[in-house]
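These notes concern the structure reproduced below.
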Protein chains: 2
Amino acid sequence: MLSKKTKYAIVALVHLAKRDTKAPVVIKDIAEAEHIPQKFLEAILLELKNAGTLSSRKGKGGGYYLHKSPQEINLADVMRIFDGPIALLPCVTHTYYERCDECKDEATCGIRDVFMELRAATVDILKRATLASIVNREMALINKLLQR
Amino acid sequence: MLSKKTKYAIVALVHLAKRDTKAPVVIKDIAEAEHIPQKFLEAILLELKNAGTLSSRKGKGGGYYLHKSPQEINLADVMRIFDGPIALLPCVTHTYYERCDECKDEATCGIRDVFMELRAATVDILKRATLASIVNREMALINKLLQR
DNA sequence: TTATTCCCTATTGGTTATATAGATTATGTA
DNA sequence: TACATAATCTATATAACCAATAGGGAATAA
């Protein structure tokens with residue numbers, strides 16, 4: 001399961017992506033609109049800023065805004081910021097690779113083979129899941145509902 | 001990431017599947033062969049038994065053995081026993097469904113849409129990953145190494 | 001210089017993960 | 001029956017992490 005942190009982060013990012021302007025939005029507005037505890041969201045947005053996903057401006061008229069375009073921000077990257085590697089086994093990750101203590105021969109491990117396949121499929125889906133594509137999905141779902 | 005519990009469970013099950021006989025194996029043998037803390041493995045095998053995956057016999061000549069055939073035991077089921085639902089959001093699971101507090105309209109939620117797609121792909125891979133198929137993968141990997 | 005807003009540090013309560021220890025129950029065999 | 005074997009049950013410990021809150025500091029714009 002995703003941590004609440006990650007889920008809130010995604011919801012907040014989609015919130016920003018759905019606005020057509022790139023004007024900063026204050027934490028409070030996002031928290032209230034998306035029903036996220038404000039102080040908790042504060043820490044989350046800061047982490048997203050430090051990761052280079054968001055930018056911020058202080059003082060009046062300030063707030064947070066997307067640092068990159070919605071096409072360039074995908075869920076794989078966001079999830080990695082908060083929940084770490086996407087792979088389910090340490091021996092399958094790229095950047096956080098770690099050998100399994102109990103493993104006898106990694107090269108011929110059938111379990112590892114399965115989870116490498118799973119990781120590839122997961123990363124593929126999550127990389128394609130950009131903020132822009134999520135907004136598109138929402139529009140498609142709305143249209144689908146209206147047509148009935 | 002998988003919990004150690006789940007990883008140990010899978011390793012132990014594959015250990016049992018690789019033996020051609022269905023004779024019971026004592027906990028100690030599995031623990032030593034696979035480098036798993038014995039007392040911890042004890043609890044894990046018991047849980048697998050209660051879930052109907054393993055059977056056991058007490059006393060001399062006893063131990064644990066697969067209750068079903070290696071073709072019938074898949075990683076999706078094993079992972080659900082220990083780590084719960086495979087889906088990454090509560091609103092996407094079948095059996096553990098729960099609405100997201102902060103969600104406005106589930107039917108048009110683009111985030112949910114992504115994670116439904118991801119869940120389907122994941123379950124598909126993990127259902128096909130039976131103990132038998134894992135053993136086959138190992139043989140294939142060994143052959144591949146030998147051919148070089 | 002004042003209001004606004006992000007930024008930083010610390011802390012809290014609760015849950016989960018990863019085990020270990022010791023006693024008990026069931027089983028096969030001499 | 002007695003004994004050794006091996007699973008089963010209960011209890012405990014520790015560490016890590018999650019989710020959230022509190023309070024003040026620092027930067028910025030008007």
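Identifiers in the structure tokens: chain A, B, ... in order shown; residue index from 1 per chain; ligand index from 1 in order shown.
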Write out as JSON lines a residue-level contact list of chain B versus chain C with cut-off 8 Å: for each qualifying residue the closest pair of atoms and the distance in Å to one decimal, counting only C-alpha atoms (C1' of nucleotides), rows sorted by chain and residue number upward.
{"residue": "B:Ser3", "atom": "CA", "partner": "C:DA17", "partner_atom": "C1'", "distance": 7.8}
{"residue": "B:Lys39", "atom": "CA", "partner": "C:DT20", "partner_atom": "C1'", "distance": 7.3}
{"residue": "B:Phe40", "atom": "CA", "partner": "C:DA19", "partner_atom": "C1'", "distance": 6.3}
{"residue": "B:Arg57", "atom": "CA", "partner": "C:DT27", "partner_atom": "C1'", "distance": 7.9}
{"residue": "B:Lys58", "atom": "CA", "partner": "C:DT27", "partner_atom": "C1'", "distance": 5.5}
{"residue": "B:Gly59", "atom": "CA", "partner": "C:DT27", "partner_atom": "C1'", "distance": 4.3}
{"residue": "B:Lys60", "atom": "CA", "partner": "C:DG28", "partner_atom": "C1'", "distance": 5.6}
{"residue": "B:Gly61", "atom": "CA", "partner": "C:DG28", "partner_atom": "C1'", "distance": 7.6}
Can you list, as number ranges by chain, all residues belonging to segment 16-97 of chain A that DSSP tags as helix (DSSP H, G or I)? A: 16-18, 27-34, 38-50, 75-83, 90-92
Take the residues that were just selected and, keeping N, CA and C atoms, output them as a short mmCIF file (atom, residue, chain, number, x, y, z; two decimals), in the first residue's frame.
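For reference, part-v3.cif as written:
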data_model
loop_
_atom_site.label_atom_id
_atom_site.label_comp_id
_atom_site.auth_asym_id
_atom_site.auth_seq_id
_atom_site.Cartn_x
_atom_site.Cartn_y
_atom_site.Cartn_z
N LEU A 16 -2.59 20.80 -8.45
CA LEU A 16 -1.85 21.89 -9.10
C LEU A 16 -1.91 21.76 -10.62
N ALA A 17 -1.83 20.53 -11.10
CA ALA A 17 -1.81 20.30 -12.55
C ALA A 17 -3.15 20.66 -13.19
N LYS A 18 -4.22 20.54 -12.42
CA LYS A 18 -5.56 20.80 -12.98
C LYS A 18 -5.83 22.28 -13.18
N ILE A 27 -0.59 26.60 0.74
CA ILE A 27 -0.80 25.29 1.34
C ILE A 27 -2.24 25.11 1.81
N LYS A 28 -2.72 26.14 2.50
CA LYS A 28 -4.06 26.08 3.10
C LYS A 28 -5.13 25.74 2.06
N ASP A 29 -5.02 26.39 0.90
CA ASP A 29 -6.04 26.16 -0.14
C ASP A 29 -6.04 24.71 -0.60
N ILE A 30 -4.82 24.16 -0.81
CA ILE A 30 -4.74 22.77 -1.25
C ILE A 30 -5.28 21.85 -0.17
N ALA A 31 -4.87 22.12 1.08
CA ALA A 31 -5.28 21.28 2.20
C ALA A 31 -6.80 21.24 2.32
N GLU A 32 -7.42 22.40 2.21
CA GLU A 32 -8.87 22.45 2.37
C GLU A 32 -9.60 21.82 1.19
N ALA A 33 -9.11 22.13 0.00
CA ALA A 33 -9.78 21.61 -1.19
C ALA A 33 -9.69 20.09 -1.27
N GLU A 34 -8.56 19.53 -0.83
CA GLU A 34 -8.34 18.09 -0.99
C GLU A 34 -8.49 17.31 0.32
N GLN A 38 -3.35 20.07 7.20
CA GLN A 38 -2.51 21.13 6.66
C GLN A 38 -1.04 21.02 7.06
N LYS A 39 -0.79 20.77 8.35
CA LYS A 39 0.59 20.70 8.82
C LYS A 39 1.35 19.54 8.17
N PHE A 40 0.62 18.47 7.96
CA PHE A 40 1.21 17.30 7.33
C PHE A 40 1.55 17.61 5.87
N LEU A 41 0.61 18.28 5.21
CA LEU A 41 0.82 18.65 3.81
C LEU A 41 2.02 19.58 3.68
N GLU A 42 2.20 20.44 4.67
CA GLU A 42 3.32 21.38 4.70
C GLU A 42 4.64 20.63 4.51
N ALA A 43 4.80 19.59 5.31
CA ALA A 43 6.03 18.79 5.25
C ALA A 43 6.17 18.09 3.90
N ILE A 44 5.05 17.65 3.37
CA ILE A 44 5.06 16.91 2.10
C ILE A 44 5.48 17.82 0.95
N LEU A 45 4.89 19.00 0.90
CA LEU A 45 5.20 19.92 -0.20
C LEU A 45 6.66 20.35 -0.14
N LEU A 46 7.15 20.51 1.09
CA LEU A 46 8.55 20.89 1.26
C LEU A 46 9.47 19.80 0.68
N GLU A 47 9.10 18.57 0.97
CA GLU A 47 9.89 17.45 0.45
C GLU A 47 9.83 17.40 -1.08
N LEU A 48 8.67 17.71 -1.62
CA LEU A 48 8.53 17.73 -3.08
C LEU A 48 9.35 18.86 -3.68
N LYS A 49 9.48 19.93 -2.92
CA LYS A 49 10.29 21.04 -3.40
C LYS A 49 11.77 20.65 -3.39
N ASN A 50 12.20 20.07 -2.29
CA ASN A 50 13.61 19.65 -2.18
C ASN A 50 13.96 18.60 -3.23
N LEU A 75 4.30 9.43 -11.79
CA LEU A 75 4.08 8.82 -10.48
C LEU A 75 5.26 7.97 -10.01
N ALA A 76 6.00 7.41 -10.93
CA ALA A 76 7.18 6.61 -10.53
C ALA A 76 8.13 7.49 -9.74
N ASP A 77 8.41 8.67 -10.24
CA ASP A 77 9.33 9.58 -9.55
C ASP A 77 8.78 10.02 -8.20
N VAL A 78 7.50 10.36 -8.18
CA VAL A 78 6.89 10.83 -6.92
C VAL A 78 6.93 9.73 -5.87
N MET A 79 6.57 8.53 -6.26
CA MET A 79 6.55 7.43 -5.31
C MET A 79 7.94 7.14 -4.77
N ARG A 80 8.93 7.27 -5.60
CA ARG A 80 10.31 7.02 -5.15
C ARG A 80 10.75 8.03 -4.09
N ILE A 81 10.27 9.27 -4.20
CA ILE A 81 10.65 10.30 -3.23
C ILE A 81 10.23 9.90 -1.82
N PHE A 82 9.03 9.37 -1.69
CA PHE A 82 8.48 9.13 -0.35
C PHE A 82 8.60 7.67 0.09
N ASP A 83 8.30 6.75 -0.79
CA ASP A 83 8.27 5.34 -0.39
C ASP A 83 9.50 4.56 -0.83
N PRO A 90 14.98 -5.95 -2.64
CA PRO A 90 16.18 -5.11 -2.70
C PRO A 90 17.14 -5.54 -3.80
N CYS A 91 17.11 -6.82 -4.17
CA CYS A 91 18.04 -7.32 -5.17
C CYS A 91 17.56 -7.00 -6.59
N VAL A 92 16.43 -6.31 -6.70
CA VAL A 92 15.82 -6.04 -7.99
C VAL A 92 15.84 -4.55 -8.32
#
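For chain D, the residues within 6 Å of chain B are DT5, DA6 and DA7 of chain D, with only C-alpha atoms (C1' of nucleotides) used to measure distance.
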Please list as JSON, numbers by chain every residue within 10 Å of segment 140-142 of chain A, counting only C-alpha atoms (C1' of nucleotides) and excluding residues in the same chain fewer than 2 positions away. {"A": [134, 135, 136, 137, 138, 144, 145, 146, 147], "B": [107, 108, 109, 110, 113]}
May I have the residues from that selection written out with N, CA and C atoms, as a compact mmCIF listing (two decimals), in the first residue's frame?
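Saved as again.txt:
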# COMPACT_ATOMS: atom_id res chain seq x y z
N ILE A 134 -3.02 11.87 -16.03
CA ILE A 134 -4.04 11.67 -15.00
C ILE A 134 -5.20 12.63 -15.20
N VAL A 135 -4.86 13.88 -15.53
CA VAL A 135 -5.91 14.85 -15.82
C VAL A 135 -6.72 14.39 -17.03
N ASN A 136 -6.04 13.88 -18.03
CA ASN A 136 -6.74 13.35 -19.21
C ASN A 136 -7.67 12.20 -18.85
N ARG A 137 -7.20 11.32 -18.00
CA ARG A 137 -8.03 10.19 -17.56
C ARG A 137 -9.31 10.70 -16.90
N GLU A 138 -9.17 11.74 -16.10
CA GLU A 138 -10.35 12.28 -15.41
C GLU A 138 -11.36 12.81 -16.42
N LYS A 144 -17.33 9.73 -20.22
CA LYS A 144 -17.94 8.40 -20.23
C LYS A 144 -19.23 8.40 -19.41
N LEU A 145 -19.18 9.10 -18.29
CA LEU A 145 -20.37 9.16 -17.42
C LEU A 145 -21.49 9.97 -18.08
N LEU A 146 -21.07 11.05 -18.78
CA LEU A 146 -22.07 11.93 -19.40
C LEU A 146 -22.79 11.25 -20.56
N GLN A 147 -22.07 10.36 -21.25
CA GLN A 147 -22.65 9.71 -22.44
C GLN A 147 -23.74 8.71 -22.10
N ALA B 107 -15.66 7.76 -8.98
CA ALA B 107 -15.94 7.32 -10.36
C ALA B 107 -15.12 8.09 -11.39
N THR B 108 -14.73 9.31 -11.05
CA THR B 108 -13.97 10.11 -12.02
C THR B 108 -12.56 10.42 -11.51
N CYS B 109 -12.04 9.60 -10.63
CA CYS B 109 -10.71 9.83 -10.07
C CYS B 109 -9.62 9.25 -10.97
N GLY B 110 -8.81 10.12 -11.53
CA GLY B 110 -7.77 9.69 -12.45
C GLY B 110 -6.67 8.90 -11.75
N ASP B 113 -7.80 5.45 -11.33
CA ASP B 113 -7.77 4.80 -12.64
C ASP B 113 -6.38 4.20 -12.92
Would you list the contacts of Thr21 of chain B as a ChimeraX atom specification, taking every protein, DNA or RNA residue within 12 Å and counting only C-alpha atoms (C1' of nucleotides), but skipping same-chain residues closer than 4 positions in sequence? /B:15-17,25,65-66,69
Would you work out the distance separating atom CA of Glu102 of chain B from atom CA of His35 of chain A, expressed in Å to one decimal? 5.0 Å
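Going from atom CA of Val114 of chain B over to atom CA of Leu131 of chain A, you cover 10.9 Å.
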Where in chain A does DSSP assign strand (DSSP E or B), given as a PyMOL selection string? chain A and resi 25+54-57+63-66+74+130
Keeping only N, CA and C atoms, write those residues as a short mmCIF file (atom, residue, chain, number, x, y, z; two decimals), in the first residue's frame.
data_model
loop_
_atom_site.label_atom_id
_atom_site.label_comp_id
_atom_site.auth_asym_id
_atom_site.auth_seq_id
_atom_site.Cartn_x
_atom_site.Cartn_y
_atom_site.Cartn_z
N VAL A 25 -0.06 28.47 -5.36
CA VAL A 25 -1.22 28.18 -4.54
C VAL A 25 -0.75 27.98 -3.11
N LEU A 54 8.49 20.60 -7.09
CA LEU A 54 7.76 21.85 -6.89
C LEU A 54 8.74 23.01 -6.72
N SER A 55 8.22 24.21 -6.93
CA SER A 55 8.93 25.42 -6.51
C SER A 55 8.01 26.20 -5.59
N SER A 56 8.57 27.17 -4.88
CA SER A 56 7.74 27.92 -3.94
C SER A 56 8.13 29.39 -3.95
N ARG A 57 7.23 30.19 -3.46
CA ARG A 57 7.53 31.61 -3.25
C ARG A 57 6.95 32.01 -1.90
N GLY A 63 3.29 30.84 -2.46
CA GLY A 63 2.67 29.52 -2.45
C GLY A 63 3.53 28.53 -3.21
N TYR A 64 2.94 27.41 -3.56
CA TYR A 64 3.68 26.38 -4.31
C TYR A 64 3.17 26.29 -5.73
N TYR A 65 4.07 25.96 -6.64
CA TYR A 65 3.66 25.72 -8.03
C TYR A 65 4.56 24.66 -8.64
N LEU A 66 4.10 24.03 -9.70
CA LEU A 66 4.87 22.96 -10.34
C LEU A 66 6.17 23.52 -10.91
N ASN A 74 5.93 12.29 -13.30
CA ASN A 74 5.22 11.02 -13.33
C ASN A 74 5.20 10.36 -11.95
N THR A 130 1.79 10.30 -16.05
CA THR A 130 2.19 11.67 -15.73
C THR A 130 0.99 12.43 -15.18
#
Minimum-distance residue to chain A, chosen among B:Ala132, B:Ile73, B:Ile125, B:Ala51 (using only C-alpha atoms): B:Ile125
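Nearest to chain A of all the residues B:Thr6, B:Thr95, B:Thr53, B:Gln71 is B:Thr6, counting only C-alpha atoms.
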